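Have a look at input_27.txt; it's compact mmCIF, C-alpha atoms and all ligand atoms:
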```
# COMPACT_ATOMS: atom_id res chain seq x y z
CA MET A 113 106.97 119.26 77.32
CA SER A 114 106.78 121.44 80.41
CA ASP A 115 109.99 122.38 82.22
CA TYR A 116 108.18 122.33 85.55
CA VAL A 117 108.21 119.17 87.64
CA LYS A 118 105.82 118.93 90.58
CA ILE A 119 107.32 117.36 93.68
CA VAL A 120 104.89 115.55 96.00
CA GLU A 121 106.61 115.40 99.39
CA VAL A 122 105.58 112.22 101.20
CA GLY A 123 108.05 112.17 104.12
CA ALA A 124 105.59 113.11 106.84
CA ARG A 125 103.33 110.22 105.83
CA ASP A 126 105.20 107.53 103.85
CA GLY A 127 108.39 108.34 105.75
CA LEU A 128 107.18 108.50 109.31
CA GLN A 129 104.68 105.64 108.95
CA ASN A 130 107.64 103.30 108.73
CA GLU A 131 109.78 104.60 111.55
CA SER A 132 110.17 102.17 114.42
CA SER A 133 109.84 104.99 116.94
CA ILE A 134 106.67 107.03 117.12
CA VAL A 135 107.49 110.63 116.30
CA PRO A 136 105.54 113.12 118.43
CA ALA A 137 102.83 115.16 116.69
CA TYR A 138 104.61 118.46 117.36
CA ILE A 139 107.67 117.25 115.39
CA LYS A 140 105.45 116.14 112.51
CA GLN A 141 103.71 119.51 112.53
CA GLU A 142 107.07 121.31 112.57
CA LEU A 143 108.32 119.13 109.70
CA ILE A 144 105.25 120.03 107.65
CA ARG A 145 105.61 123.73 108.56
CA ARG A 146 109.26 123.81 107.48
CA LEU A 147 108.54 121.93 104.25
CA GLY A 148 105.84 124.48 103.47
CA LEU A 149 108.47 127.24 103.34
CA THR A 150 110.61 125.52 100.69
CA GLY A 151 108.36 126.05 97.69
CA ILE A 152 107.04 122.47 97.64
CA SER A 153 103.42 122.67 96.59
CA VAL A 154 102.12 119.29 97.81
CA ILE A 155 102.95 117.92 101.27
CA GLU A 156 101.26 114.67 102.21
CA ALA A 157 100.41 115.23 105.85
CA THR A 158 99.20 111.96 107.40
CA SER A 159 96.85 108.96 107.05
CA PHE A 160 93.39 108.30 108.40
CA VAL A 161 93.94 104.56 108.65
CA SER A 162 93.52 102.13 111.52
CA GLN A 163 95.85 102.88 114.41
CA GLU A 164 96.09 99.15 115.03
CA TRP A 165 97.64 98.83 111.59
CA VAL A 166 99.79 101.97 111.57
CA PRO A 167 100.33 103.24 115.12
CA GLN A 168 102.95 105.73 113.88
CA LEU A 169 100.16 107.88 112.39
CA ALA A 170 97.57 107.45 115.15
CA ASP A 171 97.83 111.20 115.83
CA ALA A 172 96.41 112.17 112.41
CA GLU A 173 93.70 114.44 113.89
CA GLU A 174 96.20 116.22 116.13
CA VAL A 175 98.64 116.77 113.26
CA MET A 176 95.96 118.12 110.92
CA ALA A 177 94.63 120.47 113.59
CA ALA A 178 98.12 121.86 114.21
CA ILE A 179 99.06 122.60 110.60
CA LYS A 180 98.93 126.28 109.71
CA ARG A 181 97.94 125.82 106.11
CA ARG A 182 99.56 127.93 103.46
CA PRO A 183 97.22 128.87 100.60
CA GLU A 184 99.73 127.80 97.92
CA VAL A 185 100.29 124.35 99.46
CA ARG A 186 98.08 121.24 99.34
CA TYR A 187 98.08 118.83 102.28
CA PRO A 188 96.63 115.49 101.11
CA VAL A 189 95.86 112.69 103.57
CA LEU A 190 95.49 108.96 102.96
CA VAL A 191 91.97 107.58 103.26
CA PRO A 192 91.31 103.80 102.98
CA ASN A 193 87.52 103.71 103.41
CA GLU A 194 84.39 105.68 104.37
CA TYR A 195 85.38 105.75 108.03
CA GLY A 196 88.72 107.28 107.06
CA MET A 197 86.86 109.79 104.89
CA ARG A 198 84.64 110.84 107.83
CA ARG A 199 87.77 111.41 109.90
CA ALA A 200 89.49 113.31 107.06
CA LEU A 201 86.45 115.57 106.54
CA ALA A 202 86.19 116.25 110.27
CA ALA A 203 89.86 117.26 110.16
CA LYS A 204 89.02 119.63 107.27
CA ALA A 205 91.20 117.85 104.70
CA ARG A 206 90.81 119.43 101.26
CA GLU A 207 92.80 116.76 99.40
CA ILE A 208 92.72 113.00 99.88
CA ALA A 209 94.53 109.96 98.53
CA VAL A 210 92.95 106.53 98.21
CA PHE A 211 95.29 103.57 97.84
CA THR A 212 95.18 100.14 96.29
CA ALA A 213 97.64 97.86 94.50
CA ALA A 214 98.35 96.09 91.24
CA SER A 215 99.06 92.92 93.23
CA GLU A 216 96.24 90.96 94.89
CA GLU A 217 98.47 89.61 97.63
CA PHE A 218 99.82 93.01 98.54
CA SER A 219 96.30 94.42 98.65
CA GLN A 220 95.29 91.74 101.14
CA HIS A 221 98.33 92.38 103.34
CA ASN A 222 98.08 96.17 103.17
CA ILE A 223 94.36 96.88 103.35
CA ASN A 224 92.84 93.49 104.17
CA CYS A 225 90.74 93.22 101.00
CA SER A 226 91.02 92.40 97.29
CA ILE A 227 91.74 95.03 94.65
CA ALA A 228 88.11 94.85 93.46
CA GLU A 229 86.84 95.31 97.03
CA SER A 230 89.13 98.30 97.51
CA ILE A 231 87.70 99.91 94.38
CA GLN A 232 84.18 99.35 95.77
CA ARG A 233 85.25 100.98 99.04
CA PHE A 234 86.59 104.00 97.16
CA LYS A 235 83.36 104.67 95.24
CA PRO A 236 81.45 106.40 98.05
CA VAL A 237 84.65 108.08 99.24
CA ILE A 238 85.36 109.61 95.85
CA GLU A 239 81.68 110.53 95.39
CA GLN A 240 81.80 112.51 98.63
CA ALA A 241 85.06 114.10 97.56
CA ARG A 242 83.52 115.18 94.25
CA GLU A 243 80.48 116.66 96.00
CA GLN A 244 82.74 118.72 98.25
CA ASP A 245 85.24 119.70 95.57
CA ILE A 246 88.02 117.75 97.25
CA TRP A 247 91.01 116.82 95.13
CA VAL A 248 91.66 113.07 94.90
CA ARG A 249 94.85 111.15 94.27
CA GLY A 250 94.84 107.38 93.69
CA TYR A 251 97.87 105.30 94.60
CA ILE A 252 98.72 101.99 92.98
CA SER A 253 101.34 99.96 94.86
CA CYS A 254 103.62 97.25 93.51
CA VAL A 255 103.60 98.47 89.91
CA LEU A 256 107.00 96.85 89.23
CA GLY A 257 106.91 93.88 91.58
CA CYS A 258 105.39 92.56 94.79
CA PRO A 259 107.03 91.30 97.98
CA TYR A 260 104.49 88.46 98.17
CA GLN A 261 103.61 87.40 94.62
CA GLY A 262 106.78 88.49 92.78
CA GLN A 263 106.06 89.62 89.23
CA VAL A 264 103.17 91.96 88.51
CA PRO A 265 101.89 92.08 84.91
CA ILE A 266 101.90 95.58 83.39
CA ALA A 267 98.36 94.90 82.12
CA GLN A 268 97.23 94.71 85.73
CA VAL A 269 98.74 98.14 86.48
CA VAL A 270 97.00 99.58 83.42
CA ALA A 271 93.66 98.02 84.44
CA VAL A 272 93.80 99.45 87.98
CA ALA A 273 94.95 102.88 86.77
CA THR A 274 92.09 103.02 84.28
CA GLN A 275 89.56 102.12 86.97
CA LEU A 276 90.90 104.76 89.36
CA ARG A 277 90.74 107.40 86.67
CA GLU A 278 87.18 106.38 85.74
CA LEU A 279 86.20 106.57 89.40
CA GLY A 280 87.29 110.21 89.39
CA CYS A 281 90.87 110.31 90.68
CA ASP A 282 92.47 113.56 89.59
CA GLU A 283 95.95 112.11 89.73
CA ILE A 284 97.33 108.57 89.86
CA SER A 285 100.62 107.74 91.54
CA LEU A 286 102.41 104.64 90.29
CA GLY A 287 104.31 103.14 93.21
CA ASP A 288 107.33 100.88 93.06
CA THR A 289 106.70 100.02 96.70
CA ILE A 290 109.70 97.75 97.18
CA GLY A 291 112.07 99.67 94.91
CA ILE A 292 112.69 96.66 92.72
CA GLY A 293 112.29 98.18 89.24
CA THR A 294 115.00 99.29 86.83
CA PRO A 295 114.77 102.15 84.31
CA HIS A 296 113.53 100.31 81.22
CA GLN A 297 110.93 98.46 83.26
CA ALA A 298 109.78 101.75 84.75
CA ARG A 299 109.60 103.36 81.31
CA ASP A 300 107.67 100.45 79.77
CA MET A 301 105.17 100.40 82.63
CA LEU A 302 104.62 104.18 82.43
CA ARG A 303 104.28 104.05 78.63
CA ALA A 304 101.61 101.37 78.89
CA VAL A 305 99.63 103.28 81.53
CA ALA A 306 99.97 106.56 79.63
CA ALA A 307 98.37 104.91 76.59
CA GLU A 308 95.14 104.76 78.65
CA VAL A 309 95.44 107.62 81.18
CA ALA A 310 96.76 111.04 80.17
CA MET A 311 100.39 111.54 81.15
CA ASP A 312 99.65 114.81 82.95
CA ARG A 313 97.47 112.80 85.39
CA LEU A 314 100.31 110.44 86.27
CA ALA A 315 102.93 110.59 89.01
CA VAL A 316 105.78 108.21 89.79
CA HIS A 317 106.65 107.02 93.30
CA PHE A 318 109.95 105.23 93.72
CA HIS A 319 111.53 103.62 96.74
CA ASP A 320 115.30 103.34 96.64
CA THR A 321 116.00 99.78 97.84
CA TYR A 322 118.52 99.02 95.10
CA GLY A 323 119.60 102.59 94.34
CA GLN A 324 117.49 102.68 91.15
CA ALA A 325 115.09 105.47 92.04
CA LEU A 326 116.84 108.43 90.36
CA ALA A 327 117.58 106.41 87.23
CA ASN A 328 113.93 105.32 87.15
CA ILE A 329 112.72 108.90 87.55
CA PHE A 330 115.04 109.98 84.75
CA ALA A 331 113.64 107.30 82.44
CA CYS A 332 110.09 108.40 83.30
CA LEU A 333 110.92 112.09 82.75
CA GLU A 334 112.15 111.16 79.28
CA GLU A 335 108.83 109.44 78.73
CA GLY A 336 107.03 112.67 79.70
CA VAL A 337 106.00 112.38 83.34
CA ARG A 338 106.14 115.69 85.25
CA ILE A 339 105.05 114.68 88.77
CA THR A 340 107.28 112.73 91.13
CA ASP A 341 106.89 111.71 94.76
CA SER A 342 109.82 111.80 97.16
CA SER A 343 110.61 112.02 100.82
CA VAL A 344 112.90 114.47 102.58
CA ALA A 345 116.05 112.73 103.85
CA GLY A 346 114.82 109.57 102.09
CA LEU A 347 112.59 108.70 105.03
CA GLY A 348 110.21 105.89 104.56
CA GLY A 349 109.13 102.51 103.41
CA CYS A 350 105.92 100.62 103.79
CA PRO A 351 105.03 98.65 106.92
CA TYR A 352 103.34 95.99 104.79
CA ALA A 353 106.14 95.56 102.24
CA ARG A 354 108.98 93.52 103.69
CA GLY A 355 112.33 94.95 102.62
CA ALA A 356 110.94 98.26 101.34
CA THR A 357 113.47 100.90 102.25
CA GLY A 358 113.09 104.64 102.11
CA ASN A 359 111.53 106.68 99.39
CA VAL A 360 113.92 108.43 97.07
CA ALA A 361 115.24 111.53 98.89
CA THR A 362 113.63 114.81 97.83
CA GLU A 363 117.03 116.54 98.10
CA ASP A 364 118.49 114.14 95.49
CA VAL A 365 115.50 114.47 93.18
CA VAL A 366 115.55 118.27 93.29
CA TYR A 367 119.33 118.31 92.76
CA MET A 368 118.98 116.09 89.69
CA LEU A 369 116.00 118.00 88.30
CA HIS A 370 117.73 121.38 88.65
CA GLY A 371 120.87 119.92 87.05
CA LEU A 372 118.76 118.75 84.12
CA GLY A 373 117.33 122.27 83.74
CA PHE A 374 113.88 121.58 85.19
CA ASP A 375 112.10 124.05 87.42
CA THR A 376 110.68 122.70 90.69
CA GLY A 377 110.13 125.95 92.59
CA VAL A 378 111.93 124.29 95.53
CA ASP A 379 114.77 125.83 97.55
CA LEU A 380 117.35 123.03 97.76
CA ASP A 381 119.38 124.58 100.59
CA MET A 382 116.32 124.90 102.81
CA LEU A 383 115.35 121.35 101.99
CA ALA A 384 118.80 120.03 102.90
CA GLU A 385 118.58 121.78 106.27
CA ILE A 386 115.20 120.19 106.93
CA GLY A 387 116.63 116.78 105.98
CA ALA A 388 119.44 117.23 108.52
CA TRP A 389 116.99 118.49 111.16
CA ILE A 390 114.47 115.62 110.84
CA THR A 391 117.28 113.06 110.82
CA LYS A 392 118.51 114.51 114.13
CA GLN A 393 114.97 114.36 115.58
CA LEU A 394 114.66 110.71 114.58
CA ALA A 395 118.05 109.87 116.06
CA ARG A 396 116.91 111.51 119.31
CA ALA A 397 113.62 109.61 119.30
CA ASN A 398 115.52 106.34 118.73
CA THR A 399 118.00 107.13 121.49
CA SER A 400 115.28 107.89 123.99
CA ARG A 401 113.41 104.74 122.95
CA ALA A 402 116.55 102.67 123.41
CA GLY A 403 117.13 104.43 126.75
CA LEU A 404 113.60 103.57 127.91
CA ALA A 405 114.03 99.96 126.80
CA ARG A 406 117.31 99.77 128.75
CA LEU A 407 115.65 101.26 131.81
CA ALA A 408 112.90 98.66 131.61
CA THR A 409 115.50 95.90 132.00
CA MET A 410 117.36 97.56 134.92
CA SER A 411 116.67 96.16 138.37
CA ILE A 412 117.20 99.54 140.10
CA LYS A 413 115.18 102.19 138.31
CA PRO A 414 115.11 105.93 138.80
CA LYS A 415 112.03 106.88 140.82
CA MET A 416 109.98 108.15 137.88
CA PHE A 417 110.26 104.78 136.10
CA ALA A 418 109.84 102.56 139.16
P1 LIG A 501 90.14 96.04 108.64
O1 LIG A 501 90.63 95.48 109.94
O2 LIG A 501 89.91 95.11 107.53
O3 LIG A 501 88.86 96.97 108.84
O4 LIG A 501 91.17 97.15 108.19
P2 LIG A 501 87.45 96.70 109.42
O5 LIG A 501 86.50 97.50 108.59
O6 LIG A 501 87.18 95.22 109.60
O7 LIG A 501 87.56 97.36 110.88
C1 LIG A 501 88.38 96.81 111.90
C2 LIG A 501 88.64 97.88 112.92
O8 LIG A 501 89.39 98.94 112.31
C3 LIG A 501 87.38 98.52 113.46
O9 LIG A 501 87.63 98.88 114.83
C4 LIG A 501 87.23 99.78 112.65
O10 LIG A 501 86.50 100.78 113.31
C5 LIG A 501 88.68 100.18 112.48
P3 LIG A 501 87.09 97.98 116.05
O11 LIG A 501 85.61 97.89 115.85
O12 LIG A 501 87.77 96.62 115.90
O13 LIG A 501 87.52 98.75 117.26
N1 LIG A 501 88.87 101.01 111.27
C6 LIG A 501 89.45 102.22 111.29
N2 LIG A 501 89.99 102.94 112.30
C7 LIG A 501 90.49 104.14 111.98
N3 LIG A 501 90.48 104.65 110.71
C8 LIG A 501 89.94 103.96 109.69
C9 LIG A 501 89.40 102.68 109.98
N4 LIG A 501 88.78 101.75 109.22
C10 LIG A 501 88.46 100.74 110.03
N5 LIG A 501 89.93 104.46 108.47
C11 LIG A 501 91.92 99.06 106.96
C12 LIG A 501 91.03 97.83 106.96
C13 LIG A 501 92.01 99.56 105.55
C14 LIG A 501 91.31 100.11 107.88
C15 LIG A 501 93.32 98.63 107.51
O14 LIG A 501 93.76 97.56 106.76
C16 LIG A 501 94.32 99.74 107.45
O15 LIG A 501 94.19 100.74 108.16
N6 LIG A 501 95.33 99.59 106.60
C17 LIG A 501 96.29 100.67 106.42
C18 LIG A 501 97.51 100.19 105.81
C19 LIG A 501 98.41 101.35 105.54
O16 LIG A 501 98.20 102.48 105.97
N7 LIG A 501 99.49 101.04 104.78
C20 LIG A 501 100.45 102.04 104.42
C21 LIG A 501 99.94 103.03 103.41
S1 LIG A 501 100.02 102.43 101.73
C22 LIG A 501 101.65 102.75 101.26
O17 LIG A 501 102.47 103.12 102.06
C23 LIG A 501 102.01 102.63 99.82
C24 LIG A 501 102.19 103.99 99.13
O18 LIG A 501 103.21 104.76 99.74
C25 LIG A 501 102.55 103.81 97.65
C26 LIG A 501 103.68 102.79 97.45
O19 LIG A 501 104.79 102.99 97.96
O20 LIG A 501 103.39 101.81 96.77
C27 LIG A 501 100.87 104.79 99.17
MG MG A 502 105.44 104.46 99.32
```
Show me, as structure tokens, the structure contained in the file I just sent.
Ligand code: HMG
Ligand code: MG
Amino acid sequence: MSDYVKIVEVGARDGLQNESSIVPAYIKQELIRRLGLTGISVIEATSFVSQEWVPQLADAEEVMAAIKRRPEVRYPVLVPNEYGMRRALAAKAREIAVFTAASEEFSQHNINCSIAESIQRFKPVIEQAREQDIWVRGYISCVLGCPYQGQVPIAQVVAVATQLRELGCDEISLGDTIGIGTPHQARDMLRAVAAEVAMDRLAVHFHDTYGQALANIFACLEEGVRITDSSVAGLGGCPYARGATGNVATEDVVYMLHGLGFDTGVDLDMLAEIGAWITKQLARANTSRAGLARLATMSIKPKMFA
């Protein structure tokens, strides 16, 4: 087993997509720039989804244009359909992520179609990616439970993972979207998927709703996984998963991995500073939002708001 664990940093996308305040593009760009200096090799940058559905990431083009890409870093973007792919290509994305679910109800709530329809939508997207040598990740949400339908059979996770791999996904991320799983469940799910899709193609993606994320990652490391998603400062959630709290914090994951003797290539001190910095930016954004809301209710307004 390799001693290297690849961290996929999802804070700028999975984190900021779920913030109540809309973070300006220049802060997102600065977050991505700072993360790029830490040694993290994959930084999910944004999503080319509908801005009606996820207004927090409506500035995807602006963010992509502003990133000064480092050659050693990949900057994947989420793409739900061919329209999203056209936008991603125009923004010169070199890595994309398609996303579906192991739960039918979640798929309907998240992307407004069935799992089978989502797979059909991905076909032309992945074909184009292959033609242009673009790296493709496939996400599966709700691998350990669904906010709408409850239990999700492991067989369903295996079936979706197999289809994504056959379609041509280079890597498949198994998402516990609502952070409901516990370590043995996580291990059993991963073991079943790894019987069909090679372990080195699999990543785990835990949200920390019940504080299980690190324990789940540990169980999956023991099973052989060497790619894990996380979010600086534990930003995040999913707008279409009620109760989904933040992703596991990258700082905590890196601390645990280094303590276990794994190499991540990531500078933990730098990461911790970025976590503190982005938290401060979000607090500021929330304060100014609350200030604006207060102003809106005041009968006498300063001139600029009148
Ligand atoms: P829809 O409404 O079914 O799409 O949305 P439609 O094809 O009927 O089009 C409706 C309108 O959306 C049209 O505009 C389209 O042009 C527009 P109109 O004619 O009404 O003006 N549209 C788009 N606009 C911009 N970019 C696009 C796009 N496609 C259509 N790509 C759609 C379907 C998939 C677009 C919508 O449901 C959507 O954007 N969903 C996104 C949901 C999302 O981003 N969820 C969070 C990410 S997943 C996640 O967080 C989980 C993960 O972290 C893993 C885990 O934790 O489990 C990955
Ligand atoms: Mg997520």
query: atom CA of Thr289 of chain A and atom CA of Thr321 of chain A, how far apart in Å?
result: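 Here the two named atoms are 9.4 Å from each other.
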query: Which protein, DNA or RNA residues have an atom within 10 Å of ligand MG 502 (chain A), counting all atoms listed in the file, as a PyMOL selection string?
result: chain A and resi 122-123+125-127+129-130+251-254+285-291+317-319+341-343+348-351+353+356-360
May I have the residues from that selection written out with C-alpha atoms, as a PDB file, in the frame of the given file?
```pdb
ATOM      1  CA  VAL A 122     105.580 112.220 101.200  1.00  0.00           C
ATOM      2  CA  GLY A 123     108.050 112.170 104.120  1.00  0.00           C
ATOM      3  CA  ARG A 125     103.330 110.220 105.830  1.00  0.00           C
ATOM      4  CA  ASP A 126     105.200 107.530 103.850  1.00  0.00           C
ATOM      5  CA  GLY A 127     108.390 108.340 105.750  1.00  0.00           C
ATOM      6  CA  GLN A 129     104.680 105.640 108.950  1.00  0.00           C
ATOM      7  CA  ASN A 130     107.640 103.300 108.730  1.00  0.00           C
ATOM      8  CA  TYR A 251      97.870 105.300  94.600  1.00  0.00           C
ATOM      9  CA  ILE A 252      98.720 101.990  92.980  1.00  0.00           C
ATOM     10  CA  SER A 253     101.340  99.960  94.860  1.00  0.00           C
ATOM     11  CA  CYS A 254     103.620  97.250  93.510  1.00  0.00           C
ATOM     12  CA  SER A 285     100.620 107.740  91.540  1.00  0.00           C
ATOM     13  CA  LEU A 286     102.410 104.640  90.290  1.00  0.00           C
ATOM     14  CA  GLY A 287     104.310 103.140  93.210  1.00  0.00           C
ATOM     15  CA  ASP A 288     107.330 100.880  93.060  1.00  0.00           C
ATOM     16  CA  THR A 289     106.700 100.020  96.700  1.00  0.00           C
ATOM     17  CA  ILE A 290     109.700  97.750  97.180  1.00  0.00           C
ATOM     18  CA  GLY A 291     112.070  99.670  94.910  1.00  0.00           C
ATOM     19  CA  HIS A 317     106.650 107.020  93.300  1.00  0.00           C
ATOM     20  CA  PHE A 318     109.950 105.230  93.720  1.00  0.00           C
ATOM     21  CA  HIS A 319     111.530 103.620  96.740  1.00  0.00           C
ATOM     22  CA  ASP A 341     106.890 111.710  94.760  1.00  0.00           C
ATOM     23  CA  SER A 342     109.820 111.800  97.160  1.00  0.00           C
ATOM     24  CA  SER A 343     110.610 112.020 100.820  1.00  0.00           C
ATOM     25  CA  GLY A 348     110.210 105.890 104.560  1.00  0.00           C
ATOM     26  CA  GLY A 349     109.130 102.510 103.410  1.00  0.00           C
ATOM     27  CA  CYS A 350     105.920 100.620 103.790  1.00  0.00           C
ATOM     28  CA  PRO A 351     105.030  98.650 106.920  1.00  0.00           C
ATOM     29  CA  ALA A 353     106.140  95.560 102.240  1.00  0.00           C
ATOM     30  CA  ALA A 356     110.940  98.260 101.340  1.00  0.00           C
ATOM     31  CA  THR A 357     113.470 100.900 102.250  1.00  0.00           C
ATOM     32  CA  GLY A 358     113.090 104.640 102.110  1.00  0.00           C
ATOM     33  CA  ASN A 359     111.530 106.680  99.390  1.00  0.00           C
ATOM     34  CA  VAL A 360     113.920 108.430  97.070  1.00  0.00           C
TER      35      VAL A 360
END
```
Please report, as AutoDock Vina command-line options, the centre and edge lengths in Å to one decimal of an axis-aligned box covering all listed atoms of segment 255-266 of chain A with 6 Å per side.
```
--center_x 104.5 --center_y 92.9 --center_z 90.8 --size_x 17.1 --size_y 23.1 --size_z 26.8
```
Nearby residues (only C-alpha atoms) at most 10 Å from segment 230-243 of chain A, same-chain spacing under 6 positions excluded, as a PyMOL selection string: chain A and resi 191-198+201+206-213+219-220+223-224+249-250+272+275-276+279-281
Next, dump the selected residues to file, keeping only C-alpha atoms, as a PDB file, in the frame of the given file.
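The result, written out as again-v8.pdb:
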```
ATOM      1  CA  VAL A 191      91.970 107.580 103.260  1.00  0.00           C
ATOM      2  CA  PRO A 192      91.310 103.800 102.980  1.00  0.00           C
ATOM      3  CA  ASN A 193      87.520 103.710 103.410  1.00  0.00           C
ATOM      4  CA  GLU A 194      84.390 105.680 104.370  1.00  0.00           C
ATOM      5  CA  TYR A 195      85.380 105.750 108.030  1.00  0.00           C
ATOM      6  CA  GLY A 196      88.720 107.280 107.060  1.00  0.00           C
ATOM      7  CA  MET A 197      86.860 109.790 104.890  1.00  0.00           C
ATOM      8  CA  ARG A 198      84.640 110.840 107.830  1.00  0.00           C
ATOM      9  CA  LEU A 201      86.450 115.570 106.540  1.00  0.00           C
ATOM     10  CA  ARG A 206      90.810 119.430 101.260  1.00  0.00           C
ATOM     11  CA  GLU A 207      92.800 116.760  99.400  1.00  0.00           C
ATOM     12  CA  ILE A 208      92.720 113.000  99.880  1.00  0.00           C
ATOM     13  CA  ALA A 209      94.530 109.960  98.530  1.00  0.00           C
ATOM     14  CA  VAL A 210      92.950 106.530  98.210  1.00  0.00           C
ATOM     15  CA  PHE A 211      95.290 103.570  97.840  1.00  0.00           C
ATOM     16  CA  THR A 212      95.180 100.140  96.290  1.00  0.00           C
ATOM     17  CA  ALA A 213      97.640  97.860  94.500  1.00  0.00           C
ATOM     18  CA  SER A 219      96.300  94.420  98.650  1.00  0.00           C
ATOM     19  CA  GLN A 220      95.290  91.740 101.140  1.00  0.00           C
ATOM     20  CA  ILE A 223      94.360  96.880 103.350  1.00  0.00           C
ATOM     21  CA  ASN A 224      92.840  93.490 104.170  1.00  0.00           C
ATOM     22  CA  ARG A 249      94.850 111.150  94.270  1.00  0.00           C
ATOM     23  CA  GLY A 250      94.840 107.380  93.690  1.00  0.00           C
ATOM     24  CA  VAL A 272      93.800  99.450  87.980  1.00  0.00           C
ATOM     25  CA  GLN A 275      89.560 102.120  86.970  1.00  0.00           C
ATOM     26  CA  LEU A 276      90.900 104.760  89.360  1.00  0.00           C
ATOM     27  CA  LEU A 279      86.200 106.570  89.400  1.00  0.00           C
ATOM     28  CA  GLY A 280      87.290 110.210  89.390  1.00  0.00           C
ATOM     29  CA  CYS A 281      90.870 110.310  90.680  1.00  0.00           C
TER      30      CYS A 281
END
```
message: Would you compute the distance between atom CA of Ile139 of chain A and atom C16 of ligand LIG 501 (chain A)? Give it in Å to one decimal.
response: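 Distance reported for this atom pair: 23.4 Å.
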message: I need the residue nearest Arg146 of chain A from this list: A:Val117, A:Ile179, A:Ala395, A:Met368. Use all atoms listed in the file for the distance.
response: A:Ile179
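Shortest separation to ligand LIG 501 (chain A) among A:Leu380, A:Leu326, A:Val337, A:Ile227 occurs at residue A:Ile227, atoms counted being only C-alpha atoms and all ligand atoms.
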query: Counting all atoms listed in the file, which of A:Pro265, A:Gly151, A:Pro188, A:Pro136 gets nearest to ligand LIG 501 (chain A)?
result: A:Pro188
message: So that I can check the surroundings of Val309 of chain A, please list as a PyMOL selection string every protein, DNA and RNA residue that reaches within 10 Å of it, counting only C-alpha atoms and ignoring chain neighbours fewer than 6 positions away.
response: chain A and resi 270+273-278+283-284+302-303
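Note that atom CA of Leu369 of chain A and atom CA of Met382 of chain A are 16.1 Å apart.
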- request: For the point (103.3, 113.4, 79.7) in the file's frame, write as a list of chain:residue names all residues with an atom no more than 10 Å away, counting all atoms listed in the file.
  value: A:Met113, A:Ser114, A:Leu302, A:Arg303, A:Ala306, A:Val309, A:Ala310, A:Met311, A:Asp312, A:Arg313, A:Leu314, A:Ala315, A:Cys332, A:Leu333, A:Glu334, A:Glu335, A:Gly336, A:Val337, A:Arg338, A:Ile339
Next, the residues of the selection above should be written as a PDB file, keeping the file's coordinate frame with C-alpha atoms.
```
ATOM      1  CA  MET A 113     106.970 119.260  77.320  1.00  0.00           C
ATOM      2  CA  SER A 114     106.780 121.440  80.410  1.00  0.00           C
ATOM      3  CA  LEU A 302     104.620 104.180  82.430  1.00  0.00           C
ATOM      4  CA  ARG A 303     104.280 104.050  78.630  1.00  0.00           C
ATOM      5  CA  ALA A 306      99.970 106.560  79.630  1.00  0.00           C
ATOM      6  CA  VAL A 309      95.440 107.620  81.180  1.00  0.00           C
ATOM      7  CA  ALA A 310      96.760 111.040  80.170  1.00  0.00           C
ATOM      8  CA  MET A 311     100.390 111.540  81.150  1.00  0.00           C
ATOM      9  CA  ASP A 312      99.650 114.810  82.950  1.00  0.00           C
ATOM     10  CA  ARG A 313      97.470 112.800  85.390  1.00  0.00           C
ATOM     11  CA  LEU A 314     100.310 110.440  86.270  1.00  0.00           C
ATOM     12  CA  ALA A 315     102.930 110.590  89.010  1.00  0.00           C
ATOM     13  CA  CYS A 332     110.090 108.400  83.300  1.00  0.00           C
ATOM     14  CA  LEU A 333     110.920 112.090  82.750  1.00  0.00           C
ATOM     15  CA  GLU A 334     112.150 111.160  79.280  1.00  0.00           C
ATOM     16  CA  GLU A 335     108.830 109.440  78.730  1.00  0.00           C
ATOM     17  CA  GLY A 336     107.030 112.670  79.700  1.00  0.00           C
ATOM     18  CA  VAL A 337     106.000 112.380  83.340  1.00  0.00           C
ATOM     19  CA  ARG A 338     106.140 115.690  85.250  1.00  0.00           C
ATOM     20  CA  ILE A 339     105.050 114.680  88.770  1.00  0.00           C
TER      21      ILE A 339
END
```
task: Give as a list in words each residue that has an atom at most 9 Å from (107.2, 117.4, 109.8) in the file, counting all atoms listed in the file.
output: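 The residues that fall inside the cut-off are Gly123, Ala124, Leu128, Ala137, Tyr138, Ile139, Lys140, Gln141, Glu142, Leu143, Ile144, Arg145, Arg146, Leu147, Ala157, Ile386 and Ile390 of chain A.
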